[in-house]
Amino acid sequence: MPGVDLNYFIRQANKLTEKIEERKQQLAEESVEAKAGDGRVTVVANGIQEIRSIKIDKEAIDPNDTSMLEDLITAAVNAALASSRQHMQRELAKISGGVKIPGVT
């Protein structure tokens with residue numbers, strides 16, 4: 001293609017990659033929260049899908065029904081991770097102009 005400066009496109013791609021990586025580092029410091037069982041289990045995840053904390057209300061602990069607590073924890077963790085993924089995708093789409101970049105968003 002005459003007149004196309006390939007180096008320009010490479011520089012632009014590198015700048016975009018740098019911005020995305022910088023934003024990912026910031027996302028690692030941001031938090032999302034999800035609850036299950038009417039708030040008896042609360043899970044906090046960061047913006048890069050890492051679980052930061054799990055809080056369990058004493059009322060959710062029934063030694064005779066551990067499967068209920070396990071289900072609540074699973075539901076809250078899955079909800080927190082889904083929320084984290086959505087947050088990350090929204091934030092990175094702002095940088096990439098909505099373009100899906102494989103392996104990034």
# chains A, B, ... in the order shown; residues from 1 in each chain; ligands from 1
$ residues_around --residues "Ser84 in chain A" --least-positions-apart "2" --cutoff "9 Å" --atoms "only C-alpha atoms" --output "ChimeraX atom specification"
/A:31-33,45-50,79-82,86-89
$ residues_around --residues "range 21-24 of chain A" --least-positions-apart "2" --cutoff "9 Å" --atoms "only C-alpha atoms" --output "PyMOL selection string"
chain A and resi 16-19+26-28+47-48+88+91-92+95
$ atom_distance --atom1 "CA of Asn14 in chain A" --atom2 "CA of Ser96 in chain A"
12.1 Å
$ closest_residue --among "A:Ile20, A:Ile61, A:Val44, A:Ile51" --to "Lys94 in chain A" --atoms "only C-alpha atoms"
A:Ile20
$ atom_distance --atom1 "CA of Ser53 in chain A" --atom2 "CA of Ser67 in chain A"
20.2 Å
$ decode --residues "range 46-101 of chain A" --atoms "C-alpha atoms" --output "mmCIF file, in the first residue's frame"
data_model
loop_
_atom_site.group_PDB
_atom_site.id
_atom_site.type_symbol
_atom_site.label_atom_id
_atom_site.label_comp_id
_atom_site.auth_asym_id
_atom_site.auth_seq_id
_atom_site.Cartn_x
_atom_site.Cartn_y
_atom_site.Cartn_z
ATOM 1 C CA ASN A 46 -10.420 -6.965 42.186
ATOM 2 C CA GLY A 47 -10.687 -5.785 38.599
ATOM 3 C CA ILE A 48 -8.511 -8.590 37.270
ATOM 4 C CA GLN A 49 -10.580 -11.497 38.589
ATOM 5 C CA GLU A 50 -8.721 -12.203 41.809
ATOM 6 C CA ILE A 51 -10.722 -12.896 44.958
ATOM 7 C CA ARG A 52 -9.649 -10.498 47.696
ATOM 8 C CA SER A 53 -11.921 -11.504 50.551
ATOM 9 C CA ILE A 54 -14.852 -13.638 51.588
ATOM 10 C CA LYS A 55 -17.050 -12.660 54.525
ATOM 11 C CA ILE A 56 -19.532 -15.126 56.006
ATOM 12 C CA ASP A 57 -22.259 -14.071 58.412
ATOM 13 C CA LYS A 58 -22.492 -16.388 61.438
ATOM 14 C CA GLU A 59 -26.144 -17.023 60.598
ATOM 15 C CA ALA A 60 -25.059 -18.735 57.392
ATOM 16 C CA ILE A 61 -23.067 -21.330 59.297
ATOM 17 C CA ASP A 62 -25.105 -24.419 60.054
ATOM 18 C CA PRO A 63 -22.924 -27.411 60.940
ATOM 19 C CA ASN A 64 -25.779 -29.682 59.874
ATOM 20 C CA ASP A 65 -26.079 -28.081 56.411
ATOM 21 C CA THR A 66 -22.619 -27.337 55.077
ATOM 22 C CA SER A 67 -23.793 -27.838 51.491
ATOM 23 C CA MET A 68 -25.971 -24.696 51.768
ATOM 24 C CA LEU A 69 -22.964 -22.631 52.843
ATOM 25 C CA GLU A 70 -20.865 -24.125 50.060
ATOM 26 C CA ASP A 71 -23.564 -23.175 47.539
ATOM 27 C CA LEU A 72 -23.733 -19.609 48.888
ATOM 28 C CA ILE A 73 -19.959 -19.223 48.682
ATOM 29 C CA THR A 74 -19.889 -20.619 45.148
ATOM 30 C CA ALA A 75 -22.703 -18.307 44.038
ATOM 31 C CA ALA A 76 -21.069 -15.223 45.569
ATOM 32 C CA VAL A 77 -17.640 -16.048 44.099
ATOM 33 C CA ASN A 78 -19.096 -16.617 40.628
ATOM 34 C CA ALA A 79 -21.070 -13.371 40.829
ATOM 35 C CA ALA A 80 -17.988 -11.416 41.956
ATOM 36 C CA LEU A 81 -15.872 -12.861 39.148
ATOM 37 C CA ALA A 82 -18.559 -12.110 36.560
ATOM 38 C CA SER A 83 -18.841 -8.545 37.839
ATOM 39 C CA SER A 84 -15.061 -8.192 37.746
ATOM 40 C CA ARG A 85 -14.895 -9.436 34.141
ATOM 41 C CA GLN A 86 -17.638 -7.038 33.064
ATOM 42 C CA HIS A 87 -15.906 -4.139 34.800
ATOM 43 C CA MET A 88 -12.587 -4.990 33.158
ATOM 44 C CA GLN A 89 -14.163 -5.329 29.710
ATOM 45 C CA ARG A 90 -15.949 -1.967 30.059
ATOM 46 C CA GLU A 91 -12.804 -0.200 31.209
ATOM 47 C CA LEU A 92 -10.543 -1.681 28.542
ATOM 48 C CA ALA A 93 -13.146 -0.972 25.843
ATOM 49 C CA LYS A 94 -12.844 2.712 26.764
ATOM 50 C CA ILE A 95 -9.155 2.554 25.887
ATOM 51 C CA SER A 96 -9.461 0.412 22.751
ATOM 52 C CA GLY A 97 -12.464 2.297 21.408
ATOM 53 C CA GLY A 98 -14.611 -0.799 21.756
ATOM 54 C CA VAL A 99 -12.359 -2.932 19.561
ATOM 55 C CA LYS A 100 -12.086 -6.472 20.923
ATOM 56 C CA ILE A 101 -8.441 -7.358 21.311
#
